[in-house]
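Q: Hey, dropping target_36.cif in here, mmCIF, C-alpha atoms:
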data_coords
#
loop_
_atom_site.group_PDB
_atom_site.id
_atom_site.type_symbol
_atom_site.label_atom_id
_atom_site.label_comp_id
_atom_site.auth_asym_id
_atom_site.auth_seq_id
_atom_site.Cartn_x
_atom_site.Cartn_y
_atom_site.Cartn_z
ATOM 1 C CA THR Q 1293 105.665 109.056 100.559
ATOM 2 C CA LEU Q 1294 107.836 107.543 97.836
ATOM 3 C CA ARG Q 1295 106.463 109.917 95.235
ATOM 4 C CA VAL Q 1296 106.924 112.883 97.543
ATOM 5 C CA LEU Q 1297 110.578 111.974 98.099
ATOM 6 C CA GLY Q 1298 111.124 111.236 94.423
ATOM 7 C CA ALA Q 1299 112.178 107.641 95.142
ATOM 8 C CA GLU Q 1300 109.371 105.817 93.354
ATOM 9 C CA ALA Q 1301 111.438 104.985 90.272
ATOM 10 C CA ASP Q 1302 114.338 103.702 92.397
ATOM 11 C CA LEU Q 1303 112.231 101.444 94.604
ATOM 12 C CA LEU Q 1304 109.940 100.076 91.883
ATOM 13 C CA PRO Q 1305 112.447 97.370 90.761
ATOM 14 C CA ARG Q 1306 112.897 96.298 94.394
ATOM 15 C CA TYR Q 1307 109.130 96.079 94.850
ATOM 16 C CA ARG Q 1308 108.751 94.018 91.697
ATOM 17 C CA GLY Q 1309 111.558 91.708 92.809
ATOM 18 C CA ALA Q 1310 109.986 91.217 96.240
ATOM 19 C CA VAL Q 1311 106.585 90.467 94.711
ATOM 20 C CA GLY Q 1312 108.168 87.991 92.311
ATOM 21 C CA LYS Q 1313 109.986 86.211 95.123
ATOM 22 C CA ALA Q 1314 106.793 86.012 97.179
ATOM 23 C CA ARG Q 1315 104.948 84.519 94.213
ATOM 24 C CA ASP Q 1316 107.697 81.962 93.558
ATOM 25 C CA HIS Q 1317 107.725 81.017 97.236
ATOM 26 C CA ALA Q 1318 103.945 80.569 97.257
ATOM 27 C CA VAL Q 1319 104.174 78.342 94.181
ATOM 28 C CA ASP Q 1320 106.899 76.231 95.815
ATOM 29 C CA VAL Q 1321 104.819 75.868 98.977
ATOM 30 C CA GLY Q 1322 101.765 74.820 96.970
ATOM 31 C CA VAL Q 1323 103.695 72.260 94.930
ATOM 32 C CA THR Q 1324 105.353 70.796 98.041
ATOM 33 C CA GLN Q 1325 102.043 70.552 99.883
ATOM 34 C CA ALA Q 1326 100.407 68.904 96.860
ATOM 35 C CA TRP Q 1327 103.175 66.281 96.634
ATOM 36 C CA MET Q 1328 102.979 65.639 100.363
ATOM 37 C CA ASP Q 1329 99.182 65.217 100.351
ATOM 38 C CA ALA Q 1330 99.350 62.984 97.294
ATOM 39 C CA GLY Q 1331 102.066 60.844 98.890
ATOM 40 C CA VAL Q 1332 100.160 60.419 102.137
ATOM 41 C CA HIS Q 1333 96.912 59.467 100.384
ATOM 42 C CA LEU Q 1334 98.725 57.140 97.999
ATOM 43 C CA ALA Q 1335 100.479 55.380 100.876
ATOM 44 C CA PHE Q 1336 97.224 55.042 102.813
ATOM 45 C CA ASN Q 1337 95.264 53.671 99.866
ATOM 46 C CA GLY Q 1338 98.084 51.293 98.974
ATOM 47 C CA ALA Q 1339 98.250 49.979 102.520
ATOM 48 C CA LEU Q 1340 94.467 49.594 102.608
ATOM 49 C CA LEU Q 1341 94.420 47.602 99.369
ATOM 50 C CA SER Q 1342 97.261 45.410 100.612
ATOM 51 C CA VAL Q 1343 95.420 44.673 103.854
ATOM 52 C CA LEU Q 1344 92.212 43.998 101.905
ATOM 53 C CA GLY Q 1345 93.965 41.548 99.600
ATOM 54 C CA LEU Q 1346 95.637 39.759 102.517
ATOM 55 C CA GLY Q 1347 92.341 39.678 104.441
ATOM 56 C CA VAL Q 1348 90.449 38.177 101.516
ATOM 57 C CA GLU Q 1349 93.073 35.465 101.228
ATOM 58 C CA GLN Q 1350 92.789 34.671 104.960
ATOM 59 C CA VAL Q 1351 88.985 34.575 104.724
ATOM 60 C CA ARG Q 1352 89.273 32.078 101.889
ATOM 61 C CA ASN Q 1353 91.633 29.973 103.997
ATOM 62 C CA GLY Q 1354 89.333 30.183 107.000
ATOM 63 C CA THR Q 1355 91.872 31.929 109.208
ATOM 64 C CA ILE Q 1356 89.502 34.844 109.885
ATOM 65 C CA THR Q 1357 85.842 35.474 109.223
ATOM 66 C CA ALA Q 1358 84.337 38.033 106.871
ATOM 67 C CA GLY Q 1359 83.034 39.967 109.889
ATOM 68 C CA ASP Q 1360 86.545 40.228 111.350
ATOM 69 C CA LEU Q 1361 87.822 41.556 108.022
ATOM 70 C CA SER Q 1362 84.990 44.090 107.730
ATOM 71 C CA SER Q 1363 85.456 45.418 111.267
ATOM 72 C CA PHE Q 1364 89.205 45.671 110.753
ATOM 73 C CA LEU Q 1365 88.720 47.635 107.532
ATOM 74 C CA VAL Q 1366 86.238 50.022 109.179
ATOM 75 C CA TYR Q 1367 88.659 50.740 112.021
ATOM 76 C CA SER Q 1368 91.475 51.134 109.502
ATOM 77 C CA LEU Q 1369 89.422 53.701 107.555
ATOM 78 C CA PHE Q 1370 88.768 55.775 110.672
ATOM 79 C CA LEU Q 1371 92.455 55.647 111.576
ATOM 80 C CA GLY Q 1372 93.588 56.333 108.013
ATOM 81 C CA PHE Q 1373 91.395 59.397 107.500
ATOM 82 C CA ASN Q 1374 92.641 60.955 110.729
ATOM 83 C CA THR Q 1375 96.227 60.088 109.879
ATOM 84 C CA SER Q 1376 95.976 61.599 106.385
ATOM 85 C CA SER Q 1377 94.767 64.888 107.875
ATOM 86 C CA LEU Q 1378 98.072 65.128 109.754
ATOM 87 C CA ALA Q 1379 99.710 66.190 106.481
ATOM 88 C CA THR Q 1380 97.502 69.292 106.347
ATOM 89 C CA VAL Q 1381 98.114 69.980 110.035
ATOM 90 C CA PHE Q 1382 101.868 69.691 109.502
ATOM 91 C CA SER Q 1383 101.811 72.132 106.559
ATOM 92 C CA ASP Q 1384 99.750 74.613 108.578
ATOM 93 C CA MET Q 1385 102.222 74.338 111.445
ATOM 94 C CA GLN Q 1386 105.107 75.030 109.052
ATOM 95 C CA LYS Q 1387 103.328 78.131 107.747
ATOM 96 C CA ALA Q 1388 102.710 79.327 111.305
ATOM 97 C CA VAL Q 1389 106.367 78.822 112.235
ATOM 98 C CA GLY Q 1390 107.513 80.719 109.138
ATOM 99 C CA ALA Q 1391 105.120 83.590 109.819
ATOM 100 C CA SER Q 1392 106.227 83.757 113.461
ATOM 101 C CA GLU Q 1393 109.874 83.948 112.438
ATOM 102 C CA ARG Q 1394 109.111 86.789 110.046
ATOM 103 C CA ILE Q 1395 107.136 88.682 112.690
ATOM 104 C CA LEU Q 1396 109.981 88.286 115.180
ATOM 105 C CA GLU Q 1397 112.459 89.532 112.583
ATOM 106 C CA LEU Q 1398 110.391 92.665 112.056
ATOM 107 C CA THR Q 1399 109.886 93.126 115.800
ATOM 108 C CA TYR Q 1400 113.593 93.073 116.659
ATOM 109 C CA ARG Q 1401 114.780 94.750 113.488
ATOM 110 C CA LYS Q 1402 116.804 97.902 114.058
ATOM 111 C CA GLY Q 1403 115.800 101.007 112.172
ATOM 112 C CA GLN Q 1404 117.902 102.123 109.241
ATOM 113 C CA THR Q 1405 117.842 105.420 107.423
ATOM 114 C CA ILE Q 1406 118.222 105.113 103.668
ATOM 115 C CA MET Q 1407 118.978 108.234 101.684
ATOM 116 C CA MET Q 1408 117.420 107.928 98.249
ATOM 117 C CA PRO Q 1409 118.389 110.210 95.365
ATOM 118 C CA ILE Q 1410 115.839 112.787 94.272
ATOM 119 C CA THR Q 1411 114.805 112.437 90.665
ATOM 120 C CA LYS Q 1412 114.901 115.494 88.466
ATOM 121 C CA ALA Q 1413 111.443 117.033 88.444
ATOM 122 C CA ASP Q 1414 111.938 119.695 85.749
ATOM 123 C CA THR Q 1415 114.567 121.344 83.587
ATOM 124 C CA SER Q 1416 114.394 124.889 84.958
ATOM 125 C CA THR Q 1417 117.656 126.787 85.156
ATOM 126 C CA GLU Q 1418 117.439 127.290 88.924
ATOM 127 C CA TYR Q 1419 116.749 123.615 89.546
ATOM 128 C CA ALA Q 1420 119.500 122.510 87.147
ATOM 129 C CA ARG Q 1421 122.061 124.694 88.922
ATOM 130 C CA TRP Q 1422 120.935 123.401 92.318
ATOM 131 C CA MET Q 1423 121.122 119.738 91.212
ATOM 132 C CA SER Q 1424 124.583 120.206 89.723
ATOM 133 C CA LYS Q 1425 125.961 121.055 93.167
ATOM 134 C CA SER Q 1426 127.209 118.477 95.636
ATOM 135 C CA PRO Q 1427 124.918 117.644 98.598
ATOM 136 C CA SER Q 1428 127.089 119.718 100.960
ATOM 137 C CA GLU Q 1429 126.791 122.761 98.653
ATOM 138 C CA ARG Q 1430 123.011 122.605 98.305
ATOM 139 C CA THR Q 1431 122.148 125.376 100.709
ATOM 140 C CA GLY Q 1432 119.522 128.054 100.543
ATOM 141 C CA GLY Q 1433 116.846 125.910 98.919
ATOM 142 C CA LEU Q 1434 114.743 126.692 95.862
ATOM 143 C CA SER Q 1435 111.951 129.112 95.209
ATOM 144 C CA VAL Q 1436 108.492 127.939 94.182
ATOM 145 C CA THR Q 1437 106.504 129.837 91.566
ATOM 146 C CA LEU Q 1438 103.103 129.143 90.062
ATOM 147 C CA GLU Q 1439 101.664 131.517 87.475
ATOM 148 C CA ASN Q 1440 98.010 131.266 86.514
ATOM 149 C CA ALA Q 1441 98.088 127.535 87.178
ATOM 150 C CA GLY Q 1442 95.014 125.392 86.735
ATOM 151 C CA PHE Q 1443 94.371 121.803 87.688
ATOM 152 C CA THR Q 1444 91.517 119.321 87.428
ATOM 153 C CA TYR Q 1445 91.616 115.888 89.070
ATOM 154 C CA PRO Q 1446 91.499 113.094 86.471
ATOM 155 C CA SER Q 1447 88.756 111.355 88.469
ATOM 156 C CA ARG Q 1448 86.390 114.313 88.169
ATOM 157 C CA THR Q 1449 83.864 113.272 85.551
ATOM 158 C CA ASP Q 1450 82.210 116.687 85.484
ATOM 159 C CA GLY Q 1451 85.503 118.398 84.620
ATOM 160 C CA ALA Q 1452 85.198 120.923 87.438
ATOM 161 C CA PRO Q 1453 88.659 122.416 88.162
ATOM 162 C CA ALA Q 1454 90.133 122.070 91.636
ATOM 163 C CA LEU Q 1455 92.306 125.151 91.042
ATOM 164 C CA SER Q 1456 91.966 127.898 88.502
ATOM 165 C CA ASP Q 1457 94.313 130.812 87.727
ATOM 166 C CA LEU Q 1458 96.451 130.214 90.806
ATOM 167 C CA SER Q 1459 99.545 132.396 91.198
ATOM 168 C CA LEU Q 1460 101.971 131.664 94.004
ATOM 169 C CA HIS Q 1461 105.554 132.595 94.794
ATOM 170 C CA ILE Q 1462 107.478 131.222 97.779
ATOM 171 C CA THR Q 1463 111.017 132.422 98.381
ATOM 172 C CA PRO Q 1464 113.740 130.014 99.589
ATOM 173 C CA GLY Q 1465 113.782 129.454 103.340
ATOM 174 C CA SER Q 1466 110.423 131.092 103.958
ATOM 175 C CA ILE Q 1467 107.540 129.545 105.889
ATOM 176 C CA VAL Q 1468 104.139 129.934 104.274
ATOM 177 C CA GLY Q 1469 100.764 128.941 105.654
ATOM 178 C CA ILE Q 1470 97.721 128.479 103.422
ATOM 179 C CA GLN Q 1471 94.402 129.157 105.102
ATOM 180 C CA GLY Q 1472 90.984 128.499 103.690
ATOM 181 C CA SER Q 1473 87.736 126.643 104.033
ATOM 182 C CA SER Q 1474 87.396 122.935 103.455
ATOM 183 C CA GLY Q 1475 87.601 122.080 99.768
ATOM 184 C CA CYS Q 1476 89.227 125.315 98.659
ATOM 185 C CA GLY Q 1477 92.336 123.508 97.338
ATOM 186 C CA LYS Q 1478 94.897 123.520 100.155
ATOM 187 C CA SER Q 1479 95.688 119.812 99.822
ATOM 188 C CA THR Q 1480 95.655 120.127 96.035
ATOM 189 C CA ILE Q 1481 98.364 122.795 96.177
ATOM 190 C CA PHE Q 1482 100.510 120.497 98.338
ATOM 191 C CA ARG Q 1483 100.034 117.649 95.856
ATOM 192 C CA LEU Q 1484 101.077 119.888 93.006
ATOM 193 C CA LEU Q 1485 104.144 121.186 94.841
ATOM 194 C CA THR Q 1486 105.278 117.643 95.620
ATOM 195 C CA ARG Q 1487 104.633 116.580 92.000
ATOM 196 C CA LEU Q 1488 102.037 113.978 92.858
ATOM 197 C CA TYR Q 1489 100.122 115.683 90.072
ATOM 198 C CA ASP Q 1490 101.146 118.109 87.355
ATOM 199 C CA VAL Q 1491 99.307 121.307 86.563
ATOM 200 C CA ASP Q 1492 97.091 121.352 83.488
ATOM 201 C CA LYS Q 1493 98.393 124.706 82.372
#
Show the structure stored in the file as structure tokens.

A:
Amino acid sequence: TLRVLGAEADLLPRYRGAVGKARDHAVDVGVTQAWMDAGVHLAFNGALLSVLGLGVEQVRNGTITAGDLSSFLVYSLFLGFNTSSLATVFSDMQKAVGASERILELTYRKGQTIMMPITKADTSTEYARWMSKSPSERTGGLSVTLENAGFTYPSRTDGAPALSDLSLHITPGSIVGIQGSSGCGKSTIFRLLTRLYDVDK
């Protein structure tokens, strides 16, 4: 659609900017999640080592037994592993909230019509005169002329032409229908007229 309307060159910088912002945002999310996971695991391991050191000291003093310390550490491990997974759950919840907000923005967004300028497709005299006029003066349209045009799709490895020696003239304001069997080149003619491809000759 962008190529048909001649707006591809105008929207390409916006597309690149949006992709760059999405990449930067993804990097920020990854770095934040990494710091959060590292902090949670570091805090858990530090607390576990502190409890282990205090427990060993109490075992040496006879305050608790080695079995009490072992059972406490096992329960602490179960609790710690489940607690550390809360960091991942929290990050997933944040992603879900952000995605929901974006979906709601698109759902309730009002439509807006943007008029993009048409890029100059050729340097023909008729087209140059038409483009030099103001939008309000561009009436009557342009004629379309193809003389002995030929075209081969770049993806065709056998080099078989899709069109050969095609001559066509369409006057401004006229309505033309192209009828033919499947594969005769109707869609190819439309692609050539809209400059999705250029003729070979």

Q: On this file, the PyMOL selection byres ((chain Q and resi 1348) around 12) gives some set of residues; write that set as a PDB file with C-alpha atoms, in the frame of the given file.

A:
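As written to disk, selection_34.pdb reads:
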ATOM      1  CA  LEU Q1341      94.420  47.602  99.369  1.00  0.00           C
ATOM      2  CA  SER Q1342      97.261  45.410 100.612  1.00  0.00           C
ATOM      3  CA  VAL Q1343      95.420  44.673 103.854  1.00  0.00           C
ATOM      4  CA  LEU Q1344      92.212  43.998 101.905  1.00  0.00           C
ATOM      5  CA  GLY Q1345      93.965  41.548  99.600  1.00  0.00           C
ATOM      6  CA  LEU Q1346      95.637  39.759 102.517  1.00  0.00           C
ATOM      7  CA  GLY Q1347      92.341  39.678 104.441  1.00  0.00           C
ATOM      8  CA  GLU Q1349      93.073  35.465 101.228  1.00  0.00           C
ATOM      9  CA  GLN Q1350      92.789  34.671 104.960  1.00  0.00           C
ATOM     10  CA  VAL Q1351      88.985  34.575 104.724  1.00  0.00           C
ATOM     11  CA  ARG Q1352      89.273  32.078 101.889  1.00  0.00           C
ATOM     12  CA  ASN Q1353      91.633  29.973 103.997  1.00  0.00           C
ATOM     13  CA  GLY Q1354      89.333  30.183 107.000  1.00  0.00           C
ATOM     14  CA  THR Q1355      91.872  31.929 109.208  1.00  0.00           C
ATOM     15  CA  ILE Q1356      89.502  34.844 109.885  1.00  0.00           C
ATOM     16  CA  THR Q1357      85.842  35.474 109.223  1.00  0.00           C
ATOM     17  CA  ALA Q1358      84.337  38.033 106.871  1.00  0.00           C
ATOM     18  CA  GLY Q1359      83.034  39.967 109.889  1.00  0.00           C
ATOM     19  CA  ASP Q1360      86.545  40.228 111.350  1.00  0.00           C
ATOM     20  CA  LEU Q1361      87.822  41.556 108.022  1.00  0.00           C
ATOM     21  CA  SER Q1362      84.990  44.090 107.730  1.00  0.00           C
ATOM     22  CA  PHE Q1364      89.205  45.671 110.753  1.00  0.00           C
ATOM     23  CA  LEU Q1365      88.720  47.635 107.532  1.00  0.00           C
TER      24      LEU Q1365
END

Q: Return the single residue from Q:Tyr1367, Q:Thr1399, Q:His1461, Q:Leu1438 that is closest to Val1491 in chain Q, with distances computed using all atoms listed in the file.

A: Q:Leu1438

Q: Applied to the shown file, which residues does the PyMOL selection byres ((chain Q and resi 1464) around 9) return, written as a ChimeraX atom specification?

A: /Q:1432-1436,1462-1463,1465-1467

Q: Give the answer as one residue: which of Q:Ser1459, Q:Lys1425, Q:Asp1492, Q:Val1332 has the shortest atom-to-atom distance to Pro1446 in chain Q, using only C-alpha atoms?

A: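 Counting only C-alpha atoms, the residue closest to Pro1446 in chain Q is Q:Asp1492.
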
Q: With all atoms listed in the file as the counted atoms, please give the residues lying no more than 12 Å from Gly1322 in chain Q, apart from itself and same-chain residues fewer than 6 positions off, as number ranges by chain.

A: Q: 1315-1316, 1328-1329, 1380, 1383-1384, 1387

Q: Determine the nearest neighbour of Val1321 in chain Q from the options Q:Ile1395, Q:Asp1457, Q:Tyr1400, Q:Gly1390, counting all atoms listed in the file.

A: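 Counting all atoms listed in the file, the residue closest to Val1321 in chain Q is Q:Gly1390.
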
Q: Given the choices Q:Thr1324, Q:Thr1480, Q:Ser1392, Q:Ser1473, which gets closest to Thr1444 in chain Q if the distance is worked out from all atoms listed in the file?

A: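 Answer, going by the shortest atom-to-atom distance: Q:Thr1480.
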
Q: Choose the residue, out of Q:Asn1337, Q:Ser1363, Q:Thr1437, Q:Gln1325, that has the smallest atom-to-atom separation from Leu1378 in chain Q; count only C-alpha atoms.

A: Q:Gln1325

Q: Using only C-alpha atoms, which of Q:Glu1393, Q:Gln1471, Q:Ile1481, Q:Leu1334 sits nearest Leu1458 in chain Q?

A: Q:Ile1481

Q: For CA of Arg1306 in chain Q and CA of Ser1447 in chain Q, determine how far apart the two atoms are, in Å to one decimal place.

A: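 Those two atoms sit 29.1 Å apart.
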
Q: Can you measure CA of Gly1472 in chain Q to CA of Lys1493 in chain Q for me? One decimal in Å is fine.

A: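 CA of Lys1493 in chain Q lies at a distance of 22.9 Å from CA of Gly1472 in chain Q.
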
Q: Just to confirm, what's the straight-line distance from CA of Phe1373 in chain Q to CA of Leu1340 in chain Q in Å (one decimal)?

A: 11.4 Å

Q: Please return, as a list in words, all polymer residues that have at least one atom within 7 Å of the point (93.2, 121.1, 88.0); use only C-alpha atoms and the file's own coordinate frame.

A: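 With a cut-off of 7 Å, the residues come to Gly1442, Phe1443, Thr1444, Tyr1445, Pro1453, Ala1454, Leu1455, Ser1456, Val1491 and Asp1492 of chain Q.
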